[in-house]
>>> print(open('entry-v2.cif').read())   # mmCIF, C-alpha atoms
data_query
loop_
_atom_site.label_atom_id
_atom_site.label_comp_id
_atom_site.auth_asym_id
_atom_site.auth_seq_id
_atom_site.Cartn_x
_atom_site.Cartn_y
_atom_site.Cartn_z
CA MET X 1 8.03 9.32 -1.30
CA PRO X 2 9.02 13.00 -1.51
CA PRO X 3 11.48 14.44 0.99
CA PRO X 4 10.01 16.01 4.13
CA PRO X 5 9.40 19.78 3.86
CA PHE X 6 12.43 20.74 5.98
CA ARG X 7 12.36 24.33 4.78
CA ASN X 8 8.70 24.89 5.64
CA ALA X 9 8.89 23.04 8.98
CA PRO X 10 12.55 23.15 10.01
CA ILE X 11 14.19 20.64 12.30
CA ARG X 12 16.27 22.24 15.03
CA VAL X 13 19.28 20.89 16.94
CA GLN X 14 20.14 22.60 20.22
CA ARG X 15 23.28 21.82 22.20
CA ILE X 16 23.06 22.15 25.97
CA ARG X 17 26.65 22.51 27.08
CA SER X 18 27.10 22.70 30.86
CA PRO X 19 25.40 26.03 31.58
CA LEU X 20 26.75 27.81 34.68
CA THR X 21 23.21 28.43 35.92
CA ARG X 22 19.82 26.88 35.28
CA ALA X 23 18.58 27.32 31.70
CA ALA X 24 15.16 27.00 30.05
CA TYR X 25 14.28 25.77 26.56
CA ALA X 26 10.79 26.22 25.11
CA LEU X 27 8.88 23.14 23.93
CA HIS X 28 6.11 23.93 21.46
CA SER X 29 2.94 22.13 20.42
CA GLY X 30 2.98 20.46 17.03
CA THR X 31 6.55 19.26 17.61
CA ALA X 32 8.14 16.05 18.88
CA TYR X 33 11.36 16.25 20.88
CA LEU X 34 14.30 13.90 21.33
CA LEU X 35 16.67 14.65 24.21
CA VAL X 36 19.99 12.84 24.35
CA LEU X 37 20.93 13.57 27.95
CA SER X 38 24.61 12.79 28.52
CA ALA X 39 24.93 14.17 32.06
CA GLY X 40 23.07 16.35 34.53
CA THR X 41 19.37 16.82 35.24
CA VAL X 42 16.43 18.27 33.31
CA ARG X 43 12.86 18.98 34.40
CA LEU X 44 9.59 19.77 32.67
CA GLY X 45 7.57 22.87 33.44
CA ALA X 46 8.66 23.70 36.99
CA TRP X 47 11.86 23.51 38.99
CA ASN X 48 10.15 21.57 41.74
CA GLU X 49 9.09 18.77 39.38
CA ALA X 50 10.88 15.42 39.54
CA GLY X 51 13.97 15.50 37.37
CA ILE X 52 15.24 13.26 34.58
CA GLU X 53 18.87 12.38 35.25
CA GLY X 54 21.47 11.46 32.67
CA PRO X 55 22.59 9.48 30.92
CA ARG X 56 19.12 9.13 29.42
CA LEU X 57 17.38 9.03 26.07
CA TRP X 58 14.07 10.85 26.30
CA TRP X 59 11.34 11.13 23.67
CA ARG X 60 8.38 13.51 24.00
CA ALA X 61 5.76 12.65 21.41
CA GLU X 62 3.05 15.27 21.82
CA ALA X 63 1.94 17.61 24.57
CA ALA X 64 0.92 21.14 25.47
CA PRO X 65 3.61 23.83 25.26
CA THR X 66 5.98 23.85 28.23
CA GLU X 67 9.65 24.38 29.08
CA LEU X 68 12.56 22.02 29.39
CA LEU X 69 14.57 23.19 32.39
CA ALA X 70 18.24 22.18 32.56
CA GLU X 71 20.21 22.31 35.80
CA ALA X 72 23.68 23.88 35.83
CA GLY X 73 26.28 21.52 34.42
CA THR X 74 23.86 19.61 32.21
CA ARG X 75 25.15 18.30 28.89
CA ALA X 76 22.60 17.25 26.30
CA THR X 77 21.44 17.51 22.70
CA LEU X 78 17.82 18.48 22.01
CA LEU X 79 16.35 17.60 18.62
CA SER X 80 13.05 19.31 17.65
CA ILE X 81 11.03 17.55 14.93
CA PRO X 82 7.85 19.25 13.63
CA ASP X 83 4.91 16.85 13.35
CA LEU X 84 4.69 17.49 9.60
CA VAL X 85 8.26 16.26 9.14
CA LEU X 86 7.85 13.36 11.54
CA ALA X 87 4.78 12.11 9.68
CA GLN X 88 6.74 11.91 6.41
CA SER X 89 10.08 10.66 7.69
CA LEU X 90 9.41 6.93 7.73
CA PRO X 91 8.57 4.64 4.81
CA ALA X 92 4.99 3.60 4.21
CA ALA X 93 5.88 -0.08 4.62
CA GLN X 94 4.85 -2.08 7.71
CA MET X 95 8.20 -1.41 9.38
CA GLY X 96 7.69 2.33 9.11
CA GLU X 97 4.18 2.04 10.54
CA THR X 98 5.48 -0.01 13.49
CA VAL X 99 8.06 2.64 14.34
CA ARG X 100 5.53 5.43 13.87
CA GLN X 101 3.07 3.78 16.26
CA ALA X 102 5.73 3.24 18.93
CA LEU X 103 6.77 6.90 18.76
CA ARG X 104 3.27 8.12 19.53
CA GLN X 105 3.99 7.65 23.24
CA ASP X 106 6.49 9.40 25.50
CA LEU X 107 9.60 7.34 26.24
CA SER X 108 12.34 7.57 28.85
CA LEU X 109 15.15 5.08 28.23
CA PRO X 110 18.55 4.34 29.76
CA GLY X 111 21.29 6.19 27.92
CA ALA X 112 24.04 3.59 28.05
CA ASP X 113 24.65 3.77 24.29
CA ASN X 114 23.89 7.44 23.65
CA ASP X 115 27.24 7.61 21.86
CA ARG X 116 25.62 5.71 18.98
CA MET X 117 22.82 8.26 18.67
CA LEU X 118 24.91 11.43 18.73
CA PRO X 119 26.77 10.80 15.43
CA LEU X 120 23.42 10.33 13.68
CA ILE X 121 22.21 13.69 14.97
CA ASP X 122 25.54 15.26 13.99
CA GLY X 123 25.11 13.92 10.47
CA LEU X 124 21.53 15.17 10.31
CA GLU X 125 22.59 18.64 11.45
CA ALA X 126 25.44 18.74 8.93
CA GLU X 127 23.10 17.88 6.04
CA LEU X 128 20.51 20.43 7.16
CA SER X 129 23.11 23.20 7.13
CA ALA X 130 25.13 22.06 4.10
CA GLY X 131 22.92 23.38 1.30
CA GLU X 132 24.49 20.87 -1.07
CA PRO X 133 22.64 18.94 -3.79
CA GLY X 134 20.72 16.06 -2.24
CA ALA X 135 21.04 17.46 1.28
CA GLU X 136 17.32 17.14 2.04
CA VAL X 137 17.29 13.54 0.85
CA ALA X 138 20.32 12.72 3.01
CA ALA X 139 18.74 14.53 5.98
CA ARG X 140 15.58 12.48 5.54
CA TYR X 141 17.56 9.25 5.80
CA TYR X 142 19.52 10.46 8.80
CA LEU X 143 16.26 11.32 10.53
CA ALA X 144 14.81 7.90 9.70
CA LEU X 145 17.91 6.31 11.27
CA VAL X 146 17.51 8.45 14.40
CA LEU X 147 13.86 7.46 14.79
CA THR X 148 14.57 3.80 14.11
CA HIS X 149 17.28 3.85 16.76
CA VAL X 150 14.84 5.29 19.32
CA TRP X 151 12.35 2.54 18.45
CA ARG X 152 14.99 -0.18 18.79
CA ARG X 153 15.98 1.13 22.20
CA ALA X 154 12.36 1.25 23.34
CA ARG X 155 11.69 -2.27 22.07
CA THR X 156 14.77 -3.71 23.75
CA GLU X 157 14.02 -1.98 27.04
CA LEU X 158 10.40 -3.05 27.18
CA LEU X 159 11.12 -6.65 26.24
CA THR X 160 13.79 -7.01 28.95
CA GLN X 161 12.02 -5.24 31.82
CA GLY X 162 10.81 -8.42 33.48
CA THR X 163 7.31 -9.14 34.68
CA THR X 164 6.38 -6.19 36.89
CA ALA X 165 2.85 -4.89 36.30
CA GLU X 166 4.24 -1.74 34.69
CA GLY X 167 6.58 -3.75 32.49
CA LEU X 168 3.79 -6.11 31.40
CA ALA X 169 1.56 -3.20 30.44
CA GLU X 170 4.33 -1.51 28.46
CA ARG X 171 5.15 -4.73 26.65
CA PHE X 172 1.47 -5.12 25.79
CA VAL X 173 1.31 -1.55 24.44
CA LEU X 174 4.42 -2.15 22.33
CA LEU X 175 3.04 -5.39 20.91
CA ALA X 176 -0.29 -3.68 20.22
CA THR X 177 1.43 -1.16 17.94
CA GLN X 178 2.77 -4.09 15.93
CA HIS X 179 -0.16 -6.52 15.89
CA ALA X 180 -3.42 -4.59 16.42
CA ARG X 181 -4.08 -4.65 12.68
CA GLN X 182 -3.67 -8.41 12.72
CA HIS X 183 -6.47 -8.55 15.30
CA TRP X 184 -4.57 -10.63 17.80
CA THR X 185 -6.76 -11.86 20.64
CA VAL X 186 -5.98 -11.00 24.26
CA ALA X 187 -4.89 -14.63 24.64
CA ASP X 188 -2.37 -14.12 21.82
CA TYR X 189 -0.83 -11.15 23.66
CA ALA X 190 -0.75 -13.02 26.96
CA ARG X 191 0.95 -15.97 25.26
CA ALA X 192 3.55 -13.73 23.57
CA ILE X 193 4.36 -12.01 26.86
CA GLY X 194 4.31 -15.26 28.84
CA VAL X 195 1.63 -14.51 31.43
CA SER X 196 -1.99 -15.48 32.04
CA ARG X 197 -4.85 -13.47 30.56
CA ASP X 198 -5.97 -12.45 34.05
CA ARG X 199 -2.55 -11.14 35.02
CA LEU X 200 -2.18 -9.26 31.75
CA GLY X 201 -5.67 -7.81 32.14
CA SER X 202 -4.94 -6.56 35.64
CA ALA X 203 -1.64 -4.96 34.59
CA VAL X 204 -3.07 -3.23 31.51
CA LYS X 205 -6.15 -2.01 33.38
CA GLY X 206 -4.00 -0.55 36.15
CA ALA X 207 -1.64 1.23 33.74
CA THR X 208 -4.07 2.48 31.06
CA GLY X 209 -7.51 2.45 32.66
CA PHE X 210 -8.73 0.09 29.92
CA SER X 211 -9.04 -3.65 29.65
CA PRO X 212 -6.73 -5.15 27.01
CA GLN X 213 -9.66 -5.62 24.62
CA ALA X 214 -10.89 -2.05 25.14
CA TYR X 215 -7.35 -0.73 24.64
CA LEU X 216 -7.01 -2.63 21.34
CA HIS X 217 -10.39 -1.35 20.12
CA ARG X 218 -9.48 2.20 21.10
CA HIS X 219 -6.17 1.84 19.24
CA LEU X 220 -7.96 0.75 16.05
CA ILE X 221 -10.56 3.51 16.36
CA ARG X 222 -7.84 6.11 16.77
CA GLU X 223 -6.04 4.87 13.66
CA ALA X 224 -9.30 4.76 11.72
CA SER X 225 -10.15 8.31 12.82
CA GLU X 226 -6.76 9.62 11.67
CA LEU X 227 -7.11 7.94 8.27
CA LEU X 228 -10.66 9.19 7.81
CA VAL X 229 -9.79 12.78 8.69
CA GLY X 230 -6.25 13.01 7.30
CA THR X 231 -6.61 11.13 4.01
CA GLY X 232 -9.06 10.65 1.18
CA THR X 233 -8.64 6.88 1.26
CA PRO X 234 -11.93 5.06 0.54
CA ILE X 235 -13.58 3.65 3.64
CA GLY X 236 -13.42 0.10 2.32
CA THR X 237 -9.66 0.47 1.79
CA ILE X 238 -9.24 1.82 5.31
CA ALA X 239 -11.13 -1.22 6.61
CA PHE X 240 -8.79 -3.61 4.81
CA ARG X 241 -5.73 -1.63 5.88
CA LEU X 242 -6.79 -2.00 9.51
CA GLY X 243 -7.23 -5.74 9.15
CA PHE X 244 -11.02 -5.95 8.70
CA ALA X 245 -11.93 -8.52 6.07
CA ASP X 246 -15.46 -7.10 5.77
CA PRO X 247 -15.91 -3.31 5.32
CA ALA X 248 -19.49 -3.62 6.58
CA TYR X 249 -18.22 -5.08 9.86
CA PHE X 250 -15.70 -2.23 10.13
CA THR X 251 -18.55 0.27 9.69
CA ARG X 252 -20.55 -1.41 12.47
CA PHE X 253 -17.47 -1.56 14.72
CA PHE X 254 -16.67 2.13 14.19
CA SER X 255 -20.29 3.26 14.52
CA ARG X 256 -20.77 1.36 17.77
CA ALA X 257 -17.64 2.93 19.30
CA VAL X 258 -17.96 6.50 18.02
CA GLY X 259 -21.70 6.91 17.66
CA VAL X 260 -21.63 7.79 13.96
CA SER X 261 -20.70 5.94 10.79
CA PRO X 262 -17.24 6.41 9.23
CA SER X 263 -18.74 8.40 6.35
CA ARG X 264 -20.56 10.79 8.71
CA PHE X 265 -17.44 11.10 10.87
CA ARG X 266 -15.39 12.10 7.82
CA ALA X 267 -18.05 14.51 6.56
CA ALA X 268 -18.34 16.21 9.97
CA ALA X 269 -14.57 16.60 10.21
CA LYS X 270 -14.41 18.31 6.80
CA ARG X 271 -17.18 20.85 7.48
CA PRO X 272 -16.13 24.45 8.19
CA PRO X 273 -15.82 25.25 11.92
CA ASN X 274 -18.94 26.32 13.84
CA THR X 275 -21.38 25.03 11.24
CA GLU X 276 -22.18 21.78 13.07
CA SER X 277 -20.74 19.77 15.90
CA SER X 278 -17.66 17.90 14.77
CA TYR X 279 -16.62 14.42 15.81
CA ALA X 280 -13.04 15.03 14.70
CA ALA X 281 -11.68 15.24 18.24
CA TRP X 282 -12.72 11.66 19.13
CA PRO X 283 -11.33 9.70 20.77
#
>>> encode(input="entry-v2.cif", output="structure tokens")
Amino acid sequence: MPPPPFRNAPIRVQRIRSPLTRAAYALHSGTAYLLVLSAGTVRLGAWNEAGIEGPRLWWRAEAAPTELLAEAGTRATLLSIPDLVLAQSLPAAQMGETVRQALRQDLSLPGADNDRMLPLIDGLEAELSAGEPGAEVAARYYLALVLTHVWRRARTELLTQGTTAEGLAERFVLLATQHARQHWTVADYARAIGVSRDRLGSAVKGATGFSPQAYLHRHLIREASELLVGTGTPIGTIAFRLGFADPAYFTRFFSRAVGVSPSRFRAAAKRPPNTESSYAAWP
């Protein structure tokens, strides 16, 4: 796997060091953000919004442009990762896909061990600025370590939250990123979490607006859509990659959910804008 294009889509490390007054930092579309909040309070978009208080580890996966607003006295490190770099920073193996899926959602995690994260970011920053032979390769591995650490923290937090409705839903979502391609049944998820199907269904519906089965189908359709639009992988191969033993069944599954076949979906997404309606924005 080639190194991420750091020069074309640069990673940025910003240090927030106890400003005397409130300070604002722009967050752009097409970029993921990791905030290691050691102390103080930050807000998103408006000073009257609820704040995030440190110590905290905060991951923002994807959103419209906004501002990160830091109160006076805040100490934090903000890592900006362009989507192009993020997409190429994890191995193609199943482990990399599991981490990548988990990082598609926003995360706010206790920062009790932020001291373990900061040296990784320091190392990443040093390699990015070094200009030495192999620096991009080293930076790629530092970034993979950073992302893996975020995933570990998220996994540990969700698996130890207890059995509140919110915690059950989050544990289901985390397990879905790992096992959707194995086509676990709702009963399998309920058994792994240790609750009844009815209780799991109620928790997931309340948190996501979807039943567990509908959420799993939507997850698979979203992955299929990304592979159809973003790669030239044959449709039969995509079907097998997503755990469908029969490509014809995958085609029926996709067509029923989206309203068009995978081949028509791909063709519509590749047409020039304004020539025909495109299905590329679904779901």
>>> residues_around(input="entry-v2.cif", residues="X:Gly111", least_positions_apart="2", cutoff="10 Å", atoms="all atoms listed in the file", output="list in words")
Val36, Leu37, Ser38, Ala39, Glu53, Gly54, Pro55, Arg56, Leu57, Trp58, Ser108, Leu109, Asp113, Asn114, Asp115, Arg116, Met117 and Arg153 of chain X
>>> resolve_selection(input="entry-v2.cif", expression="the PyMOL selection byres ((chain X and resi 72) around 10)", output="JSON, numbers by chain")
{"X": [17, 18, 19, 20, 21, 22, 23, 40, 41, 42, 69, 70, 71, 73, 74, 75]}
>>> residues_around(input="entry-v2.cif", residues="X:Ala154", least_positions_apart="5", cutoff="9 Å", atoms="all atoms listed in the file", output="ChimeraX atom specification")
/X:102,107-109,149,159,174
>>> resolve_selection(input="entry-v2.cif", expression="the PyMOL selection byres ((chain X and resi 230-243) around 8)", output="list in words")
Arg181, Gln182, His183, Leu220, Ala224, Glu226, Leu227, Leu228, Val229, Phe244, Ala245, Asp246, Pro247, Phe250, Pro262 and Ser263 of chain X
>>> resolve_selection(input="entry-v2.cif", expression="the PyMOL selection byres ((chain X and resi 28) around 9)", output="number ranges by chain")
X: 26-27, 29-32, 63-67
>>> residues_near_point(input="entry-v2.cif", point="(8.2, 12.2, 18.8)", cutoff="6 Å", atoms="all atoms listed in the file", output="list in words")
Ala32, Tyr33, Trp59, Arg60, Ala61 and Leu103 of chain X
>>> atom_distance(input="entry-v2.cif", atom1="atom CA of X:Arg191", atom2="atom CA of X:Arg104")
24.9 Å
>>> residues_around(input="entry-v2.cif", residues="X:Ala176", least_positions_apart="4", cutoff="10 Å", atoms="all atoms listed in the file", output="list of chain:residue names")
X:Thr98, X:Gln101, X:Ala102, X:Glu170, X:Arg171, X:Phe172, X:Ala180, X:Arg181, X:Gln182, X:His183, X:Trp184, X:Tyr189, X:Pro212, X:Tyr215, X:Leu216, X:His219, X:Leu220
